Structures are given as C-alpha cells and as structure tokens.
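For reference, model-v6.csv (CSV, C-alpha atoms):
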chain,number,residue,atom,x,y,z
A,147,MET,CA,-24.8,66.0,-43.7
A,148,PRO,CA,-23.0,68.8,-45.7
A,149,ALA,CA,-24.5,69.9,-49.0
A,150,SER,CA,-22.9,68.3,-52.0
A,151,ARG,CA,-20.4,70.3,-54.1
A,152,GLN,CA,-22.9,70.3,-56.9
A,153,VAL,CA,-25.5,72.0,-54.7
A,154,VAL,CA,-23.0,74.5,-53.3
A,155,GLN,CA,-22.0,75.5,-56.8
A,156,ALA,CA,-25.6,75.9,-57.8
A,157,VAL,CA,-26.3,78.2,-54.9
A,158,GLU,CA,-23.2,80.2,-55.6
A,159,ALA,CA,-24.4,80.6,-59.2
A,160,GLY,CA,-27.7,81.9,-58.0
A,161,ILE,CA,-26.1,84.4,-55.6
A,162,ALA,CA,-23.7,85.6,-58.3
A,163,ALA,CA,-26.4,86.0,-60.9
A,164,SER,CA,-28.7,87.9,-58.5
A,165,ALA,CA,-25.8,90.2,-57.5
A,166,HIS,CA,-25.0,90.9,-61.2
A,167,LEU,CA,-28.6,91.8,-61.9
A,168,ALA,CA,-28.8,94.1,-58.8
A,169,ALA,CA,-25.6,95.8,-59.8
A,170,LEU,CA,-26.8,96.3,-63.4
A,171,GLN,CA,-30.1,97.8,-62.2
A,172,HIS,CA,-28.4,100.3,-59.8
A,173,VAL,CA,-25.7,101.3,-62.4
A,174,SER,CA,-28.4,101.8,-65.0
A,175,ALA,CA,-30.3,104.1,-62.7
A,176,ALA,CA,-27.2,106.0,-61.8
A,177,ALA,CA,-26.2,106.4,-65.5
A,178,GLU,CA,-29.7,107.8,-66.3
A,179,ALA,CA,-29.4,110.2,-63.3
A,180,CYS,CA,-26.0,111.4,-64.3
A,181,GLU,CA,-27.1,112.0,-67.9
A,182,ARG,CA,-29.9,114.2,-66.6
A,183,LEU,CA,-27.5,116.1,-64.5
A,184,GLY,CA,-25.1,116.5,-67.4
A,185,ARG,CA,-27.8,118.1,-69.5
A,186,LEU,CA,-28.7,120.5,-66.7
A,187,THR,CA,-25.3,121.3,-65.1
A,188,SER,CA,-21.6,120.7,-65.8
A,189,GLY,CA,-19.6,118.4,-68.1
A,190,ARG,CA,-18.5,116.5,-65.0
A,191,TRP,CA,-21.7,114.6,-64.9
A,192,ARG,CA,-21.7,113.9,-68.6
A,193,SER,CA,-18.3,112.3,-68.1
A,194,ALA,CA,-19.6,110.3,-65.2
A,195,ALA,CA,-22.5,109.1,-67.3
A,196,ARG,CA,-20.1,107.9,-70.0
A,197,ASP,CA,-18.1,105.9,-67.5
A,198,LEU,CA,-21.3,104.4,-66.0
A,199,ASN,CA,-22.6,103.5,-69.5
A,200,THR,CA,-19.4,101.6,-70.1
A,201,LEU,CA,-19.8,99.8,-66.7
A,202,GLU,CA,-23.4,99.1,-67.6
A,203,GLU,CA,-22.3,97.4,-70.8
A,204,ASP,CA,-19.7,95.3,-68.9
A,205,LEU,CA,-22.3,94.3,-66.3
A,206,GLN,CA,-24.8,93.3,-69.0
A,207,THR,CA,-22.2,91.0,-70.5
A,208,ALA,CA,-21.3,89.6,-67.1
A,209,LEU,CA,-25.0,89.1,-66.3
A,210,THR,CA,-25.5,87.1,-69.5
A,211,SER,CA,-22.6,84.9,-68.6
A,212,ALA,CA,-23.8,84.5,-65.0
A,213,ALA,CA,-27.3,83.6,-66.1
A,214,GLU,CA,-25.9,80.9,-68.4
A,215,VAL,CA,-23.9,79.4,-65.5
A,216,LEU,CA,-27.1,79.5,-63.4
A,217,SER,CA,-29.1,77.7,-66.1
A,218,SER,CA,-26.4,75.0,-66.4
A,219,ARG,CA,-26.3,74.5,-62.7
A,220,ALA,CA,-30.1,74.2,-62.5
A,221,GLU,CA,-30.1,71.7,-65.3
A,222,ASP,CA,-27.4,69.6,-63.6
A,223,LEU,CA,-29.5,69.5,-60.4
A,224,GLY,CA,-32.8,69.0,-62.1
A,225,VAL,CA,-34.4,72.1,-60.5
A,226,PRO,CA,-36.1,75.1,-62.1
A,227,GLU,CA,-33.9,78.1,-62.8
A,228,ASP,CA,-36.3,80.2,-60.7
A,229,ALA,CA,-35.3,78.2,-57.6
A,230,LEU,CA,-31.7,79.4,-58.0
A,231,TRP,CA,-32.7,83.0,-58.7
A,232,THR,CA,-34.9,82.8,-55.5
A,233,VAL,CA,-31.9,81.6,-53.5
A,234,GLY,CA,-29.7,84.4,-54.9
A,235,ASP,CA,-32.3,87.1,-54.1
A,236,ALA,CA,-32.8,85.7,-50.6
A,237,ALA,CA,-29.0,86.0,-49.9
A,238,ALA,CA,-29.1,89.6,-51.1
A,239,THR,CA,-32.1,90.3,-48.9
A,240,LEU,CA,-30.4,89.0,-45.8
A,241,ASP,CA,-27.3,91.1,-46.6
A,242,LEU,CA,-29.5,94.2,-46.9
A,243,LEU,CA,-31.4,93.6,-43.7
A,244,ARG,CA,-28.7,92.1,-41.5
A,245,ASP,CA,-27.7,95.3,-39.6
A,246,ALA,CA,-31.3,96.3,-39.0
A,247,ALA,CA,-32.2,92.8,-37.9
A,248,LEU,CA,-29.3,92.7,-35.5
A,249,ASP,CA,-30.6,96.0,-34.0
A,250,ALA,CA,-34.0,94.4,-33.7
A,251,VAL,CA,-32.8,91.4,-31.7
A,252,GLU,CA,-33.8,91.6,-28.1
A,253,ASP,CA,-31.0,92.4,-25.6
A,254,GLY,CA,-29.3,89.3,-24.3
A,255,ASP,CA,-30.4,87.0,-27.2
A,256,ALA,CA,-26.8,86.2,-28.2
A,257,ARG,CA,-27.8,83.1,-30.1
A,258,ALA,CA,-30.2,84.9,-32.4
A,259,ALA,CA,-27.5,87.5,-33.1
A,260,ALA,CA,-25.0,84.8,-33.9
A,261,ILE,CA,-27.4,83.3,-36.4
A,262,LEU,CA,-27.9,86.6,-38.2
A,263,ASP,CA,-24.2,87.3,-38.2
A,264,GLY,CA,-23.1,83.7,-39.0
A,265,GLN,CA,-22.7,81.5,-42.0
A,266,VAL,CA,-25.4,78.8,-41.6
A,267,LEU,CA,-28.3,81.1,-42.4
A,268,PHE,CA,-27.5,82.7,-45.7
A,269,GLY,CA,-30.8,84.0,-47.0
A,270,ALA,CA,-34.3,85.2,-46.2
A,271,SER,CA,-37.4,86.1,-48.2
A,272,PHE,CA,-40.9,87.3,-47.3
A,273,VAL,CA,-44.2,86.1,-48.8
A,274,GLU,CA,-47.3,88.1,-47.9
A,275,ASP,CA,-50.7,86.3,-47.6
A,276,PRO,CA,-52.7,87.5,-50.7
A,277,GLU,CA,-56.0,87.2,-48.7
A,278,LEU,CA,-54.9,88.6,-45.3
A,279,PRO,CA,-52.7,91.7,-45.7
A,280,ASP,CA,-51.5,91.6,-42.1
A,281,ARG,CA,-50.1,88.1,-42.4
A,282,GLY,CA,-47.2,86.5,-44.2
A,283,THR,CA,-44.4,83.9,-44.1
A,284,THR,CA,-40.7,84.4,-43.7
A,285,LEU,CA,-38.6,81.9,-45.5
A,286,LEU,CA,-35.2,81.1,-44.0
A,287,PHE,CA,-32.5,79.6,-46.3
A,288,GLY,CA,-29.6,77.8,-44.8
A,289,TRP,CA,-27.2,74.9,-44.9
A,290,PRO,CA,-27.1,72.0,-45.3
A,291,ASP,CA,-30.3,72.1,-47.5
A,292,PRO,CA,-30.2,75.5,-49.1
A,293,LEU,CA,-33.0,74.8,-51.7
A,294,ALA,CA,-35.6,73.8,-49.0
A,295,PRO,CA,-36.1,76.8,-46.7
A,296,ALA,CA,-37.7,76.7,-43.3
A,297,SER,CA,-40.9,78.8,-43.0
A,298,TRP,CA,-42.1,81.0,-40.2
A,299,PRO,CA,-45.6,82.4,-40.3
A,300,TRP,CA,-46.3,85.8,-38.8
A,301,GLN,CA,-48.9,88.4,-38.2
A,302,ALA,CA,-48.3,92.2,-38.0
A,303,ASN,CA,-50.3,95.1,-36.8
A,304,TRP,CA,-49.6,98.8,-36.7
A,305,VAL,CA,-50.5,100.2,-33.3
A,306,VAL,CA,-51.2,103.9,-33.3
A,307,GLY,CA,-50.3,106.0,-30.2
A,308,ASP,CA,-53.1,107.7,-28.4
A,309,GLY,CA,-51.6,111.1,-28.6
A,310,THR,CA,-50.5,111.3,-25.0
A,311,ALA,CA,-47.0,112.5,-24.0
A,312,GLU,CA,-46.0,109.0,-23.3
A,313,GLU,CA,-47.4,107.5,-26.5
A,314,GLY,CA,-47.2,110.3,-29.0
A,315,GLY,CA,-49.0,109.8,-32.3
A,316,ALA,CA,-46.4,107.5,-33.9
A,317,GLU,CA,-47.2,104.0,-35.1
A,318,GLU,CA,-45.5,101.0,-33.6
A,319,LEU,CA,-45.2,97.6,-35.2
A,320,ASP,CA,-46.7,94.7,-33.3
A,321,LEU,CA,-45.3,91.5,-34.7
A,322,PHE,CA,-46.0,88.0,-33.5
A,323,GLU,CA,-46.0,84.3,-34.6
A,324,ALA,CA,-49.0,83.0,-36.4
A,325,GLY,CA,-47.9,79.4,-36.4
A,326,GLU,CA,-45.1,77.0,-35.9
A,327,LEU,CA,-41.7,77.1,-37.6
A,328,GLU,CA,-41.7,74.4,-40.2
A,329,GLY,CA,-39.2,72.5,-42.4
A,330,ASP,CA,-36.4,73.5,-40.1
A,331,ASP,CA,-35.0,70.2,-38.9
A,332,ALA,CA,-31.8,70.2,-41.0
A,333,LEU,CA,-31.2,73.9,-40.4
A,334,VAL,CA,-31.8,73.6,-36.6
A,335,ALA,CA,-29.4,70.6,-36.4
A,336,GLU,CA,-26.7,72.6,-38.2
A,337,LEU,CA,-27.3,75.6,-36.0
A,338,ALA,CA,-27.2,73.5,-32.8
A,339,THR,CA,-23.7,72.3,-33.8
A,340,ALA,CA,-22.5,75.8,-34.8
A,341,LEU,CA,-23.9,77.4,-31.6
A,342,SER,CA,-22.9,74.5,-29.3
A,343,CYS,CA,-26.4,74.3,-27.9
A,344,SER,CA,-29.4,72.0,-27.9
A,345,ALA,CA,-31.8,71.7,-30.8
A,346,GLU,CA,-34.5,73.3,-28.7
A,347,GLN,CA,-32.3,76.3,-28.0
A,348,ALA,CA,-31.3,76.6,-31.6
A,349,ARG,CA,-34.9,76.5,-32.8
A,350,SER,CA,-35.8,79.2,-30.3
A,351,ALA,CA,-32.9,81.4,-31.5
A,352,LEU,CA,-33.9,80.8,-35.1
A,353,ARG,CA,-37.5,81.9,-34.3
A,354,SER,CA,-36.1,85.1,-32.7
A,355,ALA,CA,-33.9,85.7,-35.8
A,356,ALA,CA,-36.9,85.2,-38.1
A,357,MET,CA,-38.8,87.8,-36.0
A,358,ALA,CA,-36.0,90.3,-36.1
A,359,LEU,CA,-35.6,89.9,-39.9
A,360,THR,CA,-39.3,90.2,-40.5
A,361,ARG,CA,-39.5,93.3,-38.3
A,362,ALA,CA,-36.6,94.9,-40.2
A,363,SER,CA,-38.2,94.0,-43.6
A,364,LEU,CA,-41.6,95.5,-42.6
A,365,LEU,CA,-40.1,98.7,-41.2
A,366,ALA,CA,-37.9,99.1,-44.3
A,367,ALA,CA,-40.9,98.7,-46.6
A,368,THR,CA,-42.8,101.3,-44.6
A,369,GLY,CA,-39.8,103.7,-44.9
A,370,GLU,CA,-39.8,103.2,-48.7
A,371,ASP,CA,-43.5,103.9,-48.9
A,372,GLU,CA,-43.1,107.2,-46.9
A,373,GLU,CA,-40.2,108.3,-49.2
A,374,GLU,CA,-42.4,107.7,-52.3
A,375,GLU,CA,-45.2,109.7,-50.7
A,376,ASP,CA,-42.8,112.6,-50.0
A,377,GLU,CA,-41.5,112.5,-53.6
A,378,GLU,CA,-45.1,112.6,-54.9
A,379,ASP,CA,-45.9,115.5,-52.6
A,380,SER,CA,-42.8,117.5,-53.7
A,381,SER,CA,-43.6,117.0,-57.4
A,382,THR,CA,-47.1,118.4,-57.1
Now that the file is in, can you turn its structure into structure tokens?
Amino acid sequence: MPASRQVVQAVEAGIAASAHLAALQHVSAAAEACERLGRLTSGRWRSAARDLNTLEEDLQTALTSAAEVLSSRAEDLGVPEDALWTVGDAAATLDLLRDAALDAVEDGDARAAAILDGQVLFGASFVEDPELPDRGTTLLFGWPDPLAPASWPWQANWVVGDGTAEEGGAEELDLFEAGELEGDDALVAELATALSCSAEQARSALRSAAMALTRASLLAATGEDEEEEDEEDSST
C-alpha cells in the first residue's frame, strides 16, 4: 500500500529541512575560511567571503521557512518534529554513503546494488550500542512506511595484520550480523515488487545492502578520525 500524500509531504519536508541545515553549516564554514584567507592573502578571498556571507543569510532565511514547514507537517501527522529531522538526516546519510556502499557490495549481488541505487530505500542511519562499542544497529528507511525503519544489528571488529608480506600491518574491518533483520515486512514487500523477486530474495538483498552501508559508514568514520589525528599532529 503506497504511503499517503500527507506522509510523502512530511518526508519531503524533513529531507528539505535537513538539506538546508547541511548547506548552511558548510557555507558558514567556507565563509569563515575565506575570511581568514582574506586577512592573510589577497582581496580575492575577501570578496568570496562577502559572497558566501550573503549566501549564508539566504540559507538561514530558507532554513527558517523549511523548519516551519516541517513543524506544520509533523503536527498534521501527529508525530514529533524530531522524527522528520531523523528521516531527513537519514536520506542525506544514504546519499553520502551510496557510492562507497556500492563499492562494498559483493561481486554478483545485483539485487543489493539495485536497492542501494534505487528509490525504495531512501535513507539510512546508524546507532551504536552505548554499552558495547563494537556493536550497533543500522536503520533502513524506505517506502511505503518511511517513518518506521527496519533495523539490522551488527558487530564489527578491526583485525590487525600480522606483519607478513601477505598481511602487512594494516587493519581490516570484520563485519557480521548480530541478529535478525526486524521491522522490514513492508519494505521487503515493496522491494520484492521493485526487483521482481521473492520476499526471501528481497530480504537477503536488503541484508547485503545494510552490510555494505554499515561497512561504508564505519570506514568513513575511521578515515575522519585519522584526518583529525593528522591535523592535531601538524598543529603541534
């Protein structure tokens, strides 16, 4: 059963508000950087900073409007505003991780790749276990029930090479399921129709897509940590 127009509009409002906020944050950071460059180098960067400051003001106005629309949609549906912000952030996360996740899909798993590159699954988010740092849950947002994500529990370990020529000293991510995929019935049914396959095949492909997304997220987080360490080292 397709999502109602009211739900679709609410999800679209969440995605738009999240995108406005992300754009504002990036532009604000770029404006500050250009202002610093302008003080140190040429007037070109001072001019760029002025343009970015204007864009920042426009985005702030647009974000206020988008947030008001989100609030109205949430009230119409009787759901917390945070639920729509979460949906919007999840859509942005999937967009950021899509290419890396597609690269992480095992060769020959065409259905998982089709899920990641399709329209049924539109968002993903990741919740770490506060008590067990090597465990977490991946939430998969899709149609026709976009406000009730499926959940896939996982466990991850970093395996360090033994220093041999074959292994080297690099760490490798060992990721596997820590439980069953849950809350996925509506999403699986929609995927089975979209992929022209059985529900069992669609569920298996969704699990593979969840694993690829989780792997991409964990590797991206590790890369960000390494960049921060390099920046700290260079500043000392």
Proximity check stretch 174-222 of chain A to stretch 226-243 of chain A, 10 Å, nearest pairs one decimal Å, all atoms listed in the file, as CSV:
residue,atom,partner,partner_atom,distance
A:Ala213,CA,A:Trp231,CA,9.2
A:Leu216,CA,A:Glu227,CA,7.0
A:Ser217,CA,A:Glu227,CA,5.8
A:Ser218,CA,A:Glu227,CA,8.9
A:Arg219,CA,A:Glu227,CA,8.4
A:Ala220,CA,A:Glu227,CA,5.5
A:Glu221,CA,A:Pro226,CA,7.6
* **Atom-to-atom span, atom CA of A:Ala169 and atom CA of A:Leu205, Å** =>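 According to the coordinates, atom CA of A:Ala169 and atom CA of A:Leu205 are separated by 7.4 Å.
Across the structure, atom CA of A:Ala348 and atom CA of A:Thr284 are spaced 17.2 Å apart.
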* To do: Would you mind telling me which residue in A:Arg182, A:Arg244, A:His172, A:Arg361 lies nearest to A:Gly282 when using all atoms listed in the file?
  =>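 The answer is A:Arg361, which sits nearest to A:Gly282.
Picture a line from atom CA of A:Leu209 to atom CA of A:Ala168; it runs 9.8 Å.
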* **Selected residue of minimal separation from A:Ala256 among A:Gln171, A:Ser350, A:Pro148, A:Ala159, counting only C-alpha atoms** =>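 Of all the options, A:Ser350 lies closest to A:Ala256.
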* Step by step: start from the point (-21.0, 77.4, -51.3) in the file's coordinates, keep every protein, DNA or RNA residue that has an atom no farther than 12 Å from it, count only C-alpha atoms, and write the set as a list in words. =>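 It turns out the residues near that spot are Pro148, Ala149, Ser150, Arg151, Gln152, Val153, Val154, Gln155, Ala156, Val157, Glu158, Ala159, Gly160, Ile161, Ala162, Val233, Gly234, Ala237, Gln265, Val266, Phe268, Gly288, Trp289, Pro290, Asp291 and Pro292 of chain A.
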* Could you pull out every residue with an atom within 12 Å of (-32.9, 96.2, -32.0), file coordinates, counting only C-alpha atoms, and send them as a VMD selection string? => chain A and resid 244 to 255 258 to 259 354 to 355 357 to 359 361 to 362 365
For stretch 208-220 of chain A, take all atoms listed in the file, fit an axis-aligned box around them, add 5 Å to each of the six sides, then output centre and edge lengths in Å rounded to one decimal, as lines of an AutoDock Vina configuration file.
center_x = -25.7
center_y = 81.9
center_z = -66.0
size_x = 18.8
size_y = 25.4
size_z = 17.0
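Excluding A:Glu203 itself and same-chain residues fewer than 2 positions from it, the residues having an atom within 12 Å of it are His166, Ala169, Leu170, Gln171, Val173, Ser174, Ala177, Arg196, Asp197, Leu198, Asn199, Thr200, Leu201, Leu205, Gln206, Thr207, Ala208, Leu209 and Thr210 of chain A, counting all atoms listed in the file.
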* **A:Val305, A:Glu178, A:Ala163, A:Leu337 ranked by distance to A:Ala260, top pick (using only C-alpha atoms)** => A:Leu337
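With all atoms listed in the file as the basis for measurement, A:Ser211 is the residue among A:Ser188, A:Ser297, A:Ser271, A:Ser211 that approaches A:Leu167 most closely.
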* Pick the closest to A:Ala332 from A:Gly269, A:Ala345, A:Arg185, A:Ala194: which is it, counting all atoms listed in the file? ->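 Closest to A:Ala332 of all the choices is A:Ala345.
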